[in-house]
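Just my_file.txt here, compact mmCIF, C-alpha atoms:
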# COMPACT_ATOMS: atom_id res chain seq x y z
CA MET G 1144 0.00 0.00 0.00
CA SER G 1145 1.42 3.35 -1.04
CA VAL G 1146 1.88 6.20 1.38
CA ALA G 1147 -0.17 8.35 -0.99
CA ASP G 1148 -3.13 6.06 -0.35
CA VAL G 1149 -3.28 7.03 3.30
CA GLY G 1150 -5.86 9.72 2.79
CA ASP G 1151 -7.97 7.23 0.94
CA ALA G 1152 -7.57 4.75 3.75
CA GLY G 1153 -11.16 3.56 3.59
CA ALA G 1154 -10.70 2.60 -0.02
CA VAL G 1155 -8.49 -0.35 0.88
CA ARG G 1156 -11.55 -2.08 2.28
CA GLY G 1157 -12.96 -2.01 -1.23
CA ALA G 1158 -15.72 0.47 -0.61
CA GLY G 1159 -14.15 3.94 -0.99
CA VAL G 1160 -14.72 6.69 1.52
CA SER G 1161 -16.41 9.81 0.25
CA GLY G 1162 -14.37 12.56 1.82
CA ASP G 1163 -15.64 16.13 1.96
CA ASP G 1164 -12.67 17.27 -0.09
CA GLY G 1165 -13.92 15.81 -3.34
CA VAL G 1166 -10.66 14.00 -4.11
CA ALA G 1167 -10.88 11.01 -1.79
CA ASN G 1168 -11.68 8.50 -4.52
CA GLU G 1169 -9.01 9.51 -6.99
CA PRO G 1170 -6.24 7.10 -7.97
CA PRO G 1171 -3.30 6.96 -5.54
CA LYS G 1172 0.20 8.36 -6.08
CA ARG G 1173 -0.82 11.65 -7.68
CA ARG G 1174 1.35 14.46 -6.40
CA GLY G 1175 2.03 18.16 -6.86
CA ARG G 1176 -0.15 20.70 -8.67
CA ARG G 1177 -3.78 19.84 -9.36
CA PRO G 1178 -5.26 20.27 -12.83
CA ALA G 1179 -7.12 23.54 -13.48
CA GLY G 1180 -10.71 23.50 -12.27
CA GLU G 1181 -10.04 21.61 -9.03
CA ASP G 1182 -10.56 23.59 -5.87
CA THR G 1183 -7.85 25.08 -3.73
CA ARG G 1184 -8.86 23.13 -0.64
CA GLY G 1185 -8.49 19.88 -2.57
CA ALA G 1186 -5.05 20.96 -3.80
CA ILE G 1187 -3.98 21.69 -0.22
CA LEU G 1188 -5.23 18.31 1.01
CA THR G 1189 -3.41 16.48 -1.78
CA ALA G 1190 -0.20 18.36 -1.01
CA ALA G 1191 -0.68 17.65 2.69
CA ARG G 1192 -0.96 13.89 2.07
CA SER G 1193 2.24 13.79 0.05
CA GLN G 1194 4.13 15.96 2.57
CA PHE G 1195 2.95 14.01 5.63
CA ALA G 1196 3.84 10.78 3.85
CA GLU G 1197 7.29 11.95 2.71
CA LYS G 1198 8.42 13.92 5.74
CA GLY G 1199 6.37 12.42 8.55
CA TYR G 1200 4.01 14.26 10.84
CA ASP G 1201 6.67 16.11 12.85
CA ALA G 1202 8.68 17.60 9.99
CA THR G 1203 5.73 18.73 7.86
CA THR G 1204 4.87 22.46 7.99
CA LEU G 1205 1.86 24.39 6.71
CA ARG G 1206 4.34 26.55 4.76
CA GLY G 1207 5.82 23.48 3.06
CA ILE G 1208 2.36 22.20 2.18
CA ALA G 1209 1.46 25.59 0.70
CA ARG G 1210 4.59 25.50 -1.47
CA VAL G 1211 3.82 22.00 -2.80
CA ALA G 1212 0.18 22.97 -3.42
CA GLY G 1213 1.31 26.11 -5.25
CA VAL G 1214 -0.79 28.41 -3.08
CA ASP G 1215 -0.04 31.22 -0.69
CA ALA G 1216 0.56 30.07 2.91
CA ARG G 1217 -2.20 32.41 4.08
CA LEU G 1218 -4.69 30.38 2.03
CA VAL G 1219 -3.70 27.23 3.93
CA HIS G 1220 -4.38 29.07 7.19
CA HIS G 1221 -7.69 30.25 5.76
CA TYR G 1222 -8.90 26.68 5.28
CA PHE G 1223 -7.14 24.94 8.20
CA THR G 1224 -6.33 26.52 11.56
CA SER G 1225 -3.58 24.04 12.46
CA ARG G 1226 -1.37 21.26 11.15
CA GLU G 1227 -3.40 18.82 13.21
CA GLU G 1228 -6.70 19.93 11.67
CA LEU G 1229 -5.16 19.64 8.21
CA PHE G 1230 -3.90 16.13 9.00
CA VAL G 1231 -7.34 15.10 10.25
CA ALA G 1232 -8.98 16.39 7.06
CA ALA G 1233 -6.32 14.82 4.81
CA MET G 1234 -6.75 11.43 6.51
CA ASN G 1235 -10.57 11.58 6.66
CA LEU G 1236 -10.45 11.25 10.46
CA PRO G 1237 -13.83 11.92 12.08
CA ASP G 1238 -12.52 14.30 14.76
CA VAL G 1239 -9.35 16.02 15.96
CA PRO G 1240 -7.62 14.25 18.86
CA GLN G 1241 -7.62 17.45 20.92
CA ARG G 1242 -11.43 17.41 21.17
CA LEU G 1243 -11.46 13.67 21.81
CA VAL G 1244 -8.93 14.01 24.64
CA GLY G 1245 -11.02 16.86 26.07
CA ARG G 1246 -14.11 14.65 26.24
CA ILE G 1247 -12.13 11.81 27.80
CA LEU G 1248 -10.78 14.08 30.56
CA ASP G 1249 -14.18 15.63 31.33
CA GLY G 1250 -15.41 13.67 34.39
CA PRO G 1251 -14.30 11.74 37.48
CA PRO G 1252 -10.68 10.46 37.26
CA GLU G 1253 -11.75 6.96 38.31
CA GLN G 1254 -13.87 6.69 35.13
CA LEU G 1255 -11.11 7.77 32.72
CA GLY G 1256 -10.82 4.26 31.27
CA GLU G 1257 -14.56 3.91 30.68
CA ARG G 1258 -14.77 7.31 28.98
CA LEU G 1259 -11.77 6.60 26.75
CA VAL G 1260 -13.20 3.27 25.57
CA ARG G 1261 -16.66 4.82 25.03
CA GLN G 1262 -15.27 7.77 23.05
CA PHE G 1263 -12.96 5.60 20.97
CA PHE G 1264 -15.55 3.07 19.83
CA GLY G 1265 -18.26 5.71 19.61
CA LEU G 1266 -16.08 7.54 17.09
CA TRP G 1267 -15.60 4.58 14.75
CA ASP G 1268 -18.97 2.86 15.26
CA ALA G 1269 -20.91 5.97 14.29
CA ALA G 1270 -21.18 5.03 10.60
CA PRO G 1271 -20.12 2.16 8.29
CA ASP G 1272 -17.66 4.36 6.41
CA ARG G 1273 -15.90 5.19 9.67
CA ARG G 1274 -15.36 1.49 10.29
CA GLN G 1275 -13.74 1.38 6.87
CA THR G 1276 -11.61 4.41 7.71
CA ILE G 1277 -10.17 2.93 10.91
CA ALA G 1278 -9.60 -0.44 9.20
CA GLY G 1279 -7.78 1.39 6.40
CA LEU G 1280 -5.68 3.38 8.86
CA ILE G 1281 -4.67 0.19 10.70
CA SER G 1282 -3.76 -1.38 7.37
CA VAL G 1283 -1.53 1.58 6.50
CA ALA G 1284 -0.06 1.66 10.00
CA THR G 1285 1.03 -1.98 9.78
CA SER G 1286 2.16 -1.88 6.14
CA GLY G 1287 5.82 -1.07 6.89
CA SER G 1288 5.64 1.86 4.44
CA ASP G 1289 6.35 5.55 5.05
CA GLY G 1290 2.65 5.76 5.88
CA ALA G 1291 3.36 3.67 8.95
CA THR G 1292 5.98 6.20 10.08
CA MET G 1293 3.52 9.04 9.61
CA PHE G 1294 0.84 7.17 11.53
CA ARG G 1295 3.30 6.41 14.35
CA HIS G 1296 4.32 10.06 14.64
CA PHE G 1297 0.72 11.20 14.67
CA LEU G 1298 -0.31 8.58 17.23
CA THR G 1299 2.56 9.42 19.59
CA ASP G 1300 2.68 13.21 19.14
CA ALA G 1301 -0.95 14.20 18.64
CA VAL G 1302 -2.70 11.54 20.70
CA LEU G 1303 -0.59 9.64 23.24
CA ARG G 1304 1.65 12.47 24.56
CA ARG G 1305 -1.31 14.81 24.80
CA LEU G 1306 -3.38 12.27 26.69
CA ALA G 1307 -0.49 11.39 28.98
CA ALA G 1308 0.31 15.04 29.70
CA ALA G 1309 -3.32 15.88 30.38
CA CYS G 1310 -3.64 13.05 32.90
CA GLU G 1311 -0.52 14.33 34.76
CA LEU G 1312 0.61 10.82 35.65
CA ASP G 1313 4.00 9.27 36.25
CA ASP G 1314 5.50 7.22 33.41
CA PRO G 1315 3.22 8.99 30.90
CA GLU G 1316 4.71 7.42 27.75
CA LEU G 1317 4.59 3.89 29.10
CA ARG G 1318 0.98 4.31 30.26
CA ALA G 1319 -0.10 5.87 26.98
CA SER G 1320 1.53 3.15 24.89
CA LEU G 1321 -0.13 0.43 26.99
CA VAL G 1322 -3.52 2.09 26.46
CA ALA G 1323 -2.79 2.35 22.74
CA SER G 1324 -1.83 -1.34 22.60
CA GLN G 1325 -5.21 -2.36 24.03
CA MET G 1326 -7.25 0.05 21.91
CA MET G 1327 -5.43 -0.62 18.62
CA GLY G 1328 -5.71 -4.37 19.21
CA ALA G 1329 -9.41 -4.15 19.98
CA ALA G 1330 -9.92 -2.01 16.85
CA MET G 1331 -7.97 -4.56 14.80
CA LEU G 1332 -10.14 -7.49 15.96
CA ARG G 1333 -13.38 -5.52 15.74
CA TYR G 1334 -12.90 -3.57 12.49
CA SER G 1335 -10.08 -5.25 10.50
CA LEU G 1336 -10.47 -8.96 11.30
CA GLY G 1337 -14.13 -8.96 12.34
CA ILE G 1338 -13.56 -11.56 15.05
CA GLU G 1339 -16.66 -12.37 17.10
CA PRO G 1340 -17.99 -11.61 19.60
CA LEU G 1341 -15.85 -8.42 19.66
CA ALA G 1342 -16.92 -7.44 16.15
CA SER G 1343 -20.63 -7.19 17.01
CA ALA G 1344 -20.46 -6.29 20.72
CA ASP G 1345 -22.34 -3.21 21.93
CA THR G 1346 -20.18 -0.21 22.76
CA GLU G 1347 -21.29 -0.32 26.41
CA ASP G 1348 -20.30 -3.99 26.67
CA LEU G 1349 -16.85 -3.03 25.42
CA VAL G 1350 -16.77 -0.20 27.97
CA ALA G 1351 -17.46 -2.68 30.77
CA LEU G 1352 -14.96 -5.25 29.48
CA ILE G 1353 -12.05 -3.08 28.35
CA GLY G 1354 -12.60 0.06 30.48
CA PRO G 1355 -10.99 -1.45 33.62
CA THR G 1356 -7.89 -2.42 31.62
CA VAL G 1357 -7.46 1.12 30.33
CA GLN G 1358 -8.12 2.52 33.82
CA ARG G 1359 -5.38 0.31 35.29
CA TYR G 1360 -2.92 1.34 32.57
CA LEU G 1361 -3.66 5.03 33.20
CA THR G 1362 -3.83 5.16 36.98
CA GLY G 1363 -2.85 1.72 38.38
CA MET C 724 -0.17 -7.11 -0.23
CA SER C 725 -1.04 -10.28 -2.08
CA VAL C 726 -2.37 -13.33 -0.32
CA ALA C 727 0.44 -15.30 -1.93
CA ASP C 728 2.93 -13.16 -0.01
CA VAL C 729 1.70 -14.51 3.29
CA GLY C 730 4.34 -17.20 3.53
CA ASP C 731 6.96 -14.56 2.84
CA ALA C 732 5.48 -12.39 5.55
CA GLY C 733 8.87 -11.27 6.84
CA ALA C 734 9.80 -9.95 3.42
CA VAL C 735 7.34 -7.06 3.64
CA ARG C 736 9.62 -5.51 6.25
CA GLY C 737 12.26 -5.30 3.55
CA ALA C 738 14.61 -7.90 4.95
CA GLY C 739 13.41 -11.27 3.63
CA VAL C 740 13.00 -14.28 5.86
CA SER C 741 15.11 -17.31 5.05
CA GLY C 742 12.65 -20.12 5.48
CA ASP C 743 13.79 -23.71 5.76
CA ASP C 744 11.80 -24.61 2.68
CA GLY C 745 14.17 -22.91 0.27
CA VAL C 746 11.41 -20.96 -1.48
CA ALA C 747 10.70 -18.21 1.04
CA ASN C 748 12.39 -15.46 -0.98
CA GLU C 749 10.84 -16.20 -4.34
CA PRO C 750 8.59 -13.67 -6.06
CA PRO C 751 4.96 -13.74 -4.90
CA LYS C 752 1.95 -14.96 -6.84
CA ARG C 753 3.53 -18.11 -8.28
CA ARG C 754 1.09 -20.98 -8.18
CA GLY C 755 0.69 -24.56 -9.22
CA ARG C 756 3.43 -26.97 -10.32
CA ARG C 757 7.05 -26.12 -9.51
CA PRO C 758 9.73 -26.24 -12.21
CA ALA C 759 11.79 -29.43 -12.39
CA GLY C 760 14.65 -29.56 -9.90
CA GLU C 761 12.78 -27.98 -7.02
CA ASP C 762 12.07 -30.21 -4.07
CA THR C 763 8.77 -31.82 -3.25
CA ARG C 764 8.53 -30.21 0.17
CA GLY C 765 8.86 -26.76 -1.40
CA ALA C 766 6.15 -27.63 -3.94
CA ILE C 767 3.82 -28.71 -1.15
CA LEU C 768 4.48 -25.51 0.82
CA THR C 769 3.80 -23.35 -2.23
CA ALA C 770 0.57 -25.22 -2.94
CA ALA C 771 -0.39 -24.89 0.72
CA ARG C 772 0.04 -21.09 0.64
CA SER C 773 -2.17 -20.73 -2.42
CA GLN C 774 -4.83 -23.10 -1.02
CA PHE C 775 -4.92 -21.48 2.43
CA ALA C 776 -5.13 -18.07 0.78
CA GLU C 777 -7.89 -19.05 -1.67
CA LYS C 778 -10.04 -21.29 0.52
CA GLY C 779 -9.21 -20.11 4.03
CA TYR C 780 -7.85 -22.25 6.84
CA ASP C 781 -11.02 -24.23 7.49
CA ALA C 782 -11.78 -25.38 3.94
CA THR C 783 -8.25 -26.35 2.97
CA THR C 784 -7.44 -30.07 3.03
CA LEU C 785 -4.15 -31.95 2.78
CA ARG C 786 -5.66 -33.83 -0.16
CA GLY C 787 -6.45 -30.56 -1.97
CA ILE C 788 -2.93 -29.30 -1.38
CA ALA C 789 -1.50 -32.54 -2.75
CA ARG C 790 -3.58 -32.14 -5.90
CA VAL C 791 -2.43 -28.56 -6.48
CA ALA C 792 1.20 -29.55 -5.79
CA GLY C 793 0.89 -32.41 -8.22
CA VAL C 794 2.05 -35.00 -5.71
CA ASP C 795 0.51 -38.05 -4.05
CA ALA C 796 -1.41 -37.25 -0.85
CA ARG C 797 0.75 -39.75 1.04
CA LEU C 798 3.79 -37.59 0.28
CA VAL C 799 2.11 -34.62 2.00
CA HIS C 800 1.55 -36.81 5.07
CA HIS C 801 5.16 -37.91 4.88
CA TYR C 802 6.40 -34.34 5.26
CA PHE C 803 3.67 -32.88 7.47
CA THR C 804 1.68 -34.74 10.11
CA SER C 805 -1.26 -32.31 10.17
CA ARG C 806 -2.86 -29.36 8.42
CA GLU C 807 -1.79 -27.17 11.31
CA GLU C 808 1.86 -28.21 11.03
CA LEU C 809 1.75 -27.53 7.29
CA PHE C 810 0.21 -24.10 7.90
CA VAL C 811 2.91 -23.27 10.44
CA ALA C 812 5.65 -24.27 7.99
CA ALA C 813 4.02 -22.44 5.08
CA MET C 814 3.71 -19.24 7.14
CA ASN C 815 7.19 -19.50 8.68
CA LEU C 816 5.65 -19.53 12.16
CA PRO C 817 8.18 -20.38 14.86
CA ASP C 818 6.00 -22.98 16.62
CA VAL C 819 2.65 -24.74 16.39
CA PRO C 820 -0.09 -23.22 18.57
CA GLN C 821 -0.79 -26.59 20.18
CA ARG C 822 2.63 -26.65 21.84
CA LEU C 823 2.35 -22.98 22.79
CA VAL C 824 -1.05 -23.53 24.40
CA GLY C 825 0.41 -26.52 26.26
CA ARG C 826 3.17 -24.41 27.79
CA ILE C 827 0.69 -21.69 28.74
CA LEU C 828 -1.54 -24.16 30.56
CA ASP C 829 1.34 -25.82 32.42
CA GLY C 830 1.30 -24.16 35.86
CA PRO C 831 -0.93 -22.53 38.49
CA PRO C 832 -4.21 -21.15 37.04
CA GLU C 833 -3.68 -17.79 38.74
CA GLN C 834 -0.53 -17.26 36.61
CA LEU C 835 -2.17 -18.08 33.24
CA GLY C 836 -1.95 -14.45 32.12
CA GLU C 837 1.72 -14.12 33.02
CA ARG C 838 2.63 -17.34 31.23
CA LEU C 839 0.66 -16.39 28.12
CA VAL C 840 2.39 -13.00 27.85
CA ARG C 841 5.82 -14.55 28.52
CA GLN C 842 5.31 -17.29 25.91
CA PHE C 843 3.92 -14.90 23.31
CA PHE C 844 6.70 -12.31 23.45
CA GLY C 845 9.36 -14.97 24.03
CA LEU C 846 8.31 -16.54 20.75
CA TRP C 847 8.69 -13.37 18.66
CA ASP C 848 11.59 -11.75 20.53
CA ALA C 849 13.82 -14.81 20.11
CA ALA C 850 15.42 -13.55 16.87
CA PRO C 851 15.26 -10.46 14.61
CA ASP C 852 13.71 -12.43 11.75
CA ARG C 853 10.88 -13.54 14.04
CA ARG C 854 10.08 -9.89 14.72
CA GLN C 855 9.86 -9.45 10.96
CA THR C 856 7.62 -12.50 10.67
CA ILE C 857 5.07 -11.28 13.21
CA ALA C 858 5.12 -7.76 11.74
CA GLY C 859 4.52 -9.29 8.31
CA LEU C 860 1.68 -11.45 9.61
CA ILE C 861 0.01 -8.43 11.20
CA SER C 862 0.38 -6.55 7.93
CA VAL C 863 -1.32 -9.38 6.03
CA ALA C 864 -4.00 -9.75 8.70
CA THR C 865 -4.98 -6.08 8.41
CA SER C 866 -4.67 -5.84 4.63
CA GLY C 867 -8.29 -6.64 3.88
CA SER C 868 -7.15 -9.34 1.43
CA ASP C 869 -7.95 -13.06 1.38
CA GLY C 870 -4.85 -13.39 3.52
CA ALA C 871 -6.71 -11.58 6.29
CA THR C 872 -9.52 -14.16 6.11
CA MET C 873 -7.00 -16.98 6.36
CA PHE C 874 -5.29 -15.34 9.29
CA ARG C 875 -8.63 -14.81 11.05
CA HIS C 876 -9.62 -18.45 10.59
CA PHE C 877 -6.27 -19.65 11.87
CA LEU C 878 -6.33 -17.29 14.86
CA THR C 879 -9.86 -18.28 15.87
CA ASP C 880 -9.74 -22.02 15.07
CA ALA C 881 -6.18 -23.05 15.88
CA VAL C 882 -5.38 -20.61 18.67
CA LEU C 883 -8.33 -18.92 20.39
CA ARG C 884 -10.85 -21.81 20.50
CA ARG C 885 -8.15 -24.21 21.62
CA LEU C 886 -6.99 -21.88 24.37
CA ALA C 887 -10.56 -21.17 25.48
CA ALA C 888 -11.49 -24.86 25.51
CA ALA C 889 -8.36 -25.82 27.43
CA CYS C 890 -9.08 -23.23 30.12
CA GLU C 891 -12.63 -24.60 30.55
CA LEU C 892 -14.09 -21.19 31.27
CA ASP C 893 -17.48 -19.64 30.71
CA ASP C 894 -17.83 -17.31 27.72
CA PRO C 895 -14.76 -18.89 26.08
CA GLU C 896 -14.98 -17.03 22.75
CA LEU C 897 -15.43 -13.62 24.37
CA ARG C 898 -12.52 -14.20 26.74
CA ALA C 899 -10.26 -15.49 23.99
CA SER C 900 -11.02 -12.56 21.69
CA LEU C 901 -10.32 -10.07 24.50
CA VAL C 902 -6.96 -11.74 25.14
CA ALA C 903 -6.23 -11.65 21.41
CA SER C 904 -7.12 -7.95 21.25
CA GLN C 905 -4.54 -7.11 23.93
CA MET C 906 -1.83 -9.35 22.53
CA MET C 907 -2.29 -8.36 18.88
CA GLY C 908 -2.31 -4.69 19.86
CA ALA C 909 0.83 -5.04 21.93
CA ALA C 910 2.51 -6.90 19.05
CA MET C 911 1.43 -4.15 16.66
CA LEU C 912 2.96 -1.37 18.80
CA ARG C 913 6.09 -3.37 19.64
CA TYR C 914 6.88 -5.00 16.29
CA SER C 915 4.99 -3.10 13.55
CA LEU C 916 4.99 0.51 14.78
CA GLY C 917 8.00 0.36 17.11
CA ILE C 918 6.40 2.72 19.62
CA GLU C 919 8.48 3.26 22.76
CA PRO C 920 8.77 2.27 25.51
CA LEU C 921 6.84 -0.86 24.46
CA ALA C 922 9.17 -1.55 21.53
CA SER C 923 12.30 -1.94 23.71
CA ALA C 924 10.74 -3.16 26.97
CA ASP C 925 12.10 -6.38 28.51
CA THR C 926 9.84 -9.40 28.20
CA GLU C 927 9.49 -9.65 32.00
CA ASP C 928 8.41 -5.99 32.21
CA LEU C 929 5.70 -6.79 29.66
CA VAL C 930 4.71 -9.83 31.71
CA ALA C 931 4.26 -7.62 34.79
CA LEU C 932 2.38 -4.89 32.89
CA ILE C 933 0.14 -6.91 30.55
CA GLY C 934 -0.08 -10.23 32.44
CA PRO C 935 -2.79 -8.99 34.87
CA THR C 936 -4.92 -7.78 31.94
CA VAL C 937 -4.78 -11.19 30.28
CA GLN C 938 -5.44 -12.91 33.61
CA ARG C 939 -8.56 -10.78 34.14
CA TYR C 940 -9.82 -11.51 30.61
CA LEU C 941 -9.31 -15.26 31.13
CA THR C 942 -10.58 -15.72 34.68
CA GLY C 943 -12.09 -12.41 35.90

Spell out the structure here as structure tokens.
Amino acid sequence: MSVADVGDAGAVRGAGVSGDDGVANEPPKRRGRRPAGEDTRGAILTAARSQFAEKGYDATTLRGIARVAGVDARLVHHYFTSREELFVAAMNLPDVPQRLVGRILDGPPEQLGERLVRQFFGLWDAAPDRRQTIAGLISVATSGSDGATMFRHFLTDAVLRRLAAACELDDPELRASLVASQMMGAAMLRYSLGIEPLASADTEDLVALIGPTVQRYLTG
Amino acid sequence: MSVADVGDAGAVRGAGVSGDDGVANEPPKRRGRRPAGEDTRGAILTAARSQFAEKGYDATTLRGIARVAGVDARLVHHYFTSREELFVAAMNLPDVPQRLVGRILDGPPEQLGERLVRQFFGLWDAAPDRRQTIAGLISVATSGSDGATMFRHFLTDAVLRRLAAACELDDPELRASLVASQMMGAAMLRYSLGIEPLASADTEDLVALIGPTVQRYLTG
């Protein structure tokens, strides 16, 4: 799987995700300037995918994306307020991690694990095309390509470190990576492999089963 | 990733696994009869990969593999005592699940989780090419290809059901799939994504961290 396919992650499940950028179902590996008639936002998203894939999440800048897209950097800021928001749009993610982390933190500390599991599965269970998106992302993440590097950077920088810092716990990176191991594995069985009964379980059953594990990893 | 690559799983990490069958580094997608001069065992393994990929683990028979390999069925039984052993050889797995499950069960029930985690990581940490093999298997499993179906059948039939039955617990399939979710996720972060500190953690640290989770899923 090519790194340029990452934004079309859902497509690897054979059903194609209709992104709101209008370019999600195009053939992979197209780079650089868009043909005349395509919109600026689409050009920025295409440039973002190639830059994130080539340079990784950390080293990619909005200025660099603007240059590849052939647009003024101010236009990138007009459409996307941050690198994270641009990444989320380029990858067809349903929400920015910052908001997700905010919802996880909002409540009693002893229910952190429950809230994390509920938010995580709620995000991907919301619609069939989201299930395809997460399955596609996991496929890219495990492909050994540059896309895997990008995914790793995003997962550690935008999700795990933020969550760990917000919880103000000791050993934040170890705790966050343990949580990620449980959640990525559950997503893999539920969405990629479709192994029962995890594949069809209700979200609240998963909260009751997996929530205590996540709670122990965060605060135990 | 093609289903025919499954037996060369390690190769997707860019380093190629030297299997003991002498055909592990050949180009993917070759099927059917081998050219003259290649050994019978290699022909059987190649036929096995294509049959497992096309029909899945459950529907593949030793007789069907013999037919595709163009050899007498007795020859298949000469080289491989069971379908499982043939699958393990075809996929370059380091051990048959039956022996692994035996070692996990051998000891006090309250340390089942610890033993499972120790056996699992011990298996894949033993050598660098084993790390490549498990990373390659995870890549195939999440690829959405026929290889993923095969992997799912093998995981549920040869590993999870056997483990669940041996433990004689209630809700065996739910418990086994929860254990698999934690172990596959930990393998994904450790071997596929290389996320620290999980990637470099000592096996015994992982036993202490993840063992209680597995114990709770099995007996809690």

At a cut-off of 10 Å, can you tabulate as CSV every residue of chain C near chain G together with its closest atom pair and the distance in Å to one decimal, using all atoms listed in the file and ordering rows by chain then number?
residue,atom,partner,partner_atom,distance
C:Met724,CA,G:Met1144,CA,7.1
C:Val735,CA,G:Gly1287,CA,7.0
C:Arg736,CA,G:Gly1287,CA,5.9
C:Gly737,CA,G:Gly1287,CA,8.4
C:Ala858,CA,G:Thr1285,CA,7.3
C:Gly859,CA,G:Ser1286,CA,8.1
C:Leu860,CA,G:Thr1285,CA,9.5
C:Ile861,CA,G:Thr1285,CA,6.7
C:Ser862,CA,G:Thr1285,CA,5.0
C:Val863,CA,G:Ser1286,CA,8.3
C:Ala864,CA,G:Leu1336,CA,7.0
C:Thr865,CA,G:Ser1282,CA,5.0
C:Ser866,CA,G:Ser1282,CA,5.3
C:Gly867,CA,G:Arg1156,CA,5.8
C:Ser868,CA,G:Arg1156,CA,8.5
C:Ala871,CA,G:Leu1336,CA,6.8
C:Thr872,CA,G:Leu1336,CA,7.4
C:Phe874,CA,G:Leu1336,CA,8.5
C:Arg875,CA,G:Leu1336,CA,6.1
C:His876,CA,G:Ile1338,CA,9.1
C:Leu878,CA,G:Ile1338,CA,9.2
C:Thr879,CA,G:Ile1338,CA,7.7
C:Asp894,CA,G:Pro1340,CA,9.9
C:Glu896,CA,G:Pro1340,CA,7.0
C:Leu897,CA,G:Pro1340,CA,5.8
C:Arg898,CA,G:Pro1340,CA,9.4
C:Ala899,CA,G:Pro1340,CA,9.7
C:Ser900,CA,G:Leu1341,CA,6.7
C:Leu901,CA,G:Ala1329,CA,7.5
C:Val902,CA,G:Ala1329,CA,9.5
C:Ala903,CA,G:Gly1328,CA,7.6
C:Ser904,CA,G:Gly1328,CA,4.4
C:Gln905,CA,G:Gln1325,CA,4.8
C:Met906,CA,G:Gly1328,CA,7.1
C:Met907,CA,G:Gly1328,CA,5.3
C:Gly908,CA,G:Gly1328,CA,3.5
C:Ala909,CA,G:Ser1324,CA,4.6
C:Ala910,CA,G:Ser1324,CA,7.9
C:Met911,CA,G:Thr1285,CA,7.2
C:Leu912,CA,G:Ser1324,CA,6.1
C:Arg913,CA,G:Ser1324,CA,8.7
C:Tyr914,CA,G:Thr1285,CA,9.3
C:Ser915,CA,G:Thr1285,CA,5.6
C:Leu916,CA,G:Arg1295,CA,6.2
C:Gly917,CA,G:Arg1295,CA,8.1
C:Ile918,CA,G:Arg1295,CA,7.1
C:Glu919,CA,G:Ser1320,CA,7.3
C:Pro920,CA,G:Leu1317,CA,5.7
C:Leu921,CA,G:Ser1320,CA,6.7
C:Ala922,CA,G:Ser1320,CA,9.6
C:Ala924,CA,G:Leu1317,CA,9.6
C:Leu929,CA,G:Leu1321,CA,9.7
C:Leu932,CA,G:Tyr1360,CA,8.2
C:Ile933,CA,G:Leu1321,CA,8.2
C:Pro935,CA,G:Thr1356,CA,8.9
C:Thr936,CA,G:Thr1356,CA,6.1
C:Val937,CA,G:Thr1356,CA,9.4
C:Arg939,CA,G:Thr1356,CA,8.8
C:Tyr940,CA,G:Leu1352,CA,8.2

Excluding Leu809 of chain C and any residue of its chain fewer than 4 positions from it, enumerate the residues within 9 Å of it, using only C-alpha atoms, and give them as a list in words. Ile767, Leu768, Ala771, Leu785, Val799, Tyr802, Phe803, Thr804, Ser805, Ala813 and Met814 of chain C

Go ahead and compute the interatomic distance for atom CA of His800 of chain C and atom CA of Ser773 of chain C, in Å to one decimal.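 Taking atom CA of His800 of chain C as the start and atom CA of Ser773 of chain C as the end point, the length is 18.1 Å.
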
From C:Arg884, C:Pro817, C:Ala796, C:Thr763, residue lying nearest Ala850 of chain C [all atoms listed in the file]: C:Pro817

In the coordinates of the file, take the point (-8.0, 15.3, 24.3) and a cut-off of 12 Å; then, counting all atoms listed in the file, name each qualifying protein, DNA or RNA residue as a ChimeraX atom specification. /G:1238-1249,1255,1258-1259,1262-1263,1301-1310

Taking all C-alpha atoms matched one to one in order, superimpose chain G on chain C and note the resulting RMSD in Å.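 The C-alpha RMSD comes out at 0.1 Å.
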
Suppose you want the space between atom CA of Thr856 of chain C and atom CA of Gly1199 of chain G; what is it in Å?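 Going from atom CA of Thr856 of chain C over to atom CA of Gly1199 of chain G, I get 25.0 Å.
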
Rounded to one decimal, what separation in Å do you get between atom CA of Pro851 of chain C and atom CA of Ser923 of chain C?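 These atoms are spaced 12.8 Å apart.
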
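Residue nearest Leu1266 of chain G within the list G:Leu1236, G:Arg1192, G:Tyr1200, G:Ala1209: G:Leu1236 [criterion: smallest interatomic distance, all atoms listed in the file].
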
To test the calculation: enclose all listed atoms of segment 1332-1350 of chain G in a box whose edges run along x, y and z, add 3 Å on each side, then state centre and edge lengths in Å to one decimal, as lines of an AutoDock Vina configuration file.
center_x = -16.2
center_y = -6.3
center_z = 19.2
size_x = 18.3
size_y = 18.2
size_z = 23.5

From the coordinates supplied, segment 890-901 of chain C should be written with C-alpha atoms, as a JSON list (two decimals), in the first residue's frame.
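Contents of decode_18.json, freshly written:
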[["chain", "number", "residue", "atom", "x", "y", "z"],
["C", 890, "CYS", "CA", -9.08, -23.23, 30.12],
["C", 891, "GLU", "CA", -12.63, -24.60, 30.55],
["C", 892, "LEU", "CA", -14.09, -21.19, 31.27],
["C", 893, "ASP", "CA", -17.48, -19.64, 30.71],
["C", 894, "ASP", "CA", -17.83, -17.31, 27.72],
["C", 895, "PRO", "CA", -14.76, -18.89, 26.08],
["C", 896, "GLU", "CA", -14.98, -17.03, 22.75],
["C", 897, "LEU", "CA", -15.43, -13.62, 24.37],
["C", 898, "ARG", "CA", -12.52, -14.20, 26.74],
["C", 899, "ALA", "CA", -10.26, -15.49, 23.99],
["C", 900, "SER", "CA", -11.02, -12.56, 21.69],
["C", 901, "LEU", "CA", -10.32, -10.07, 24.50]]
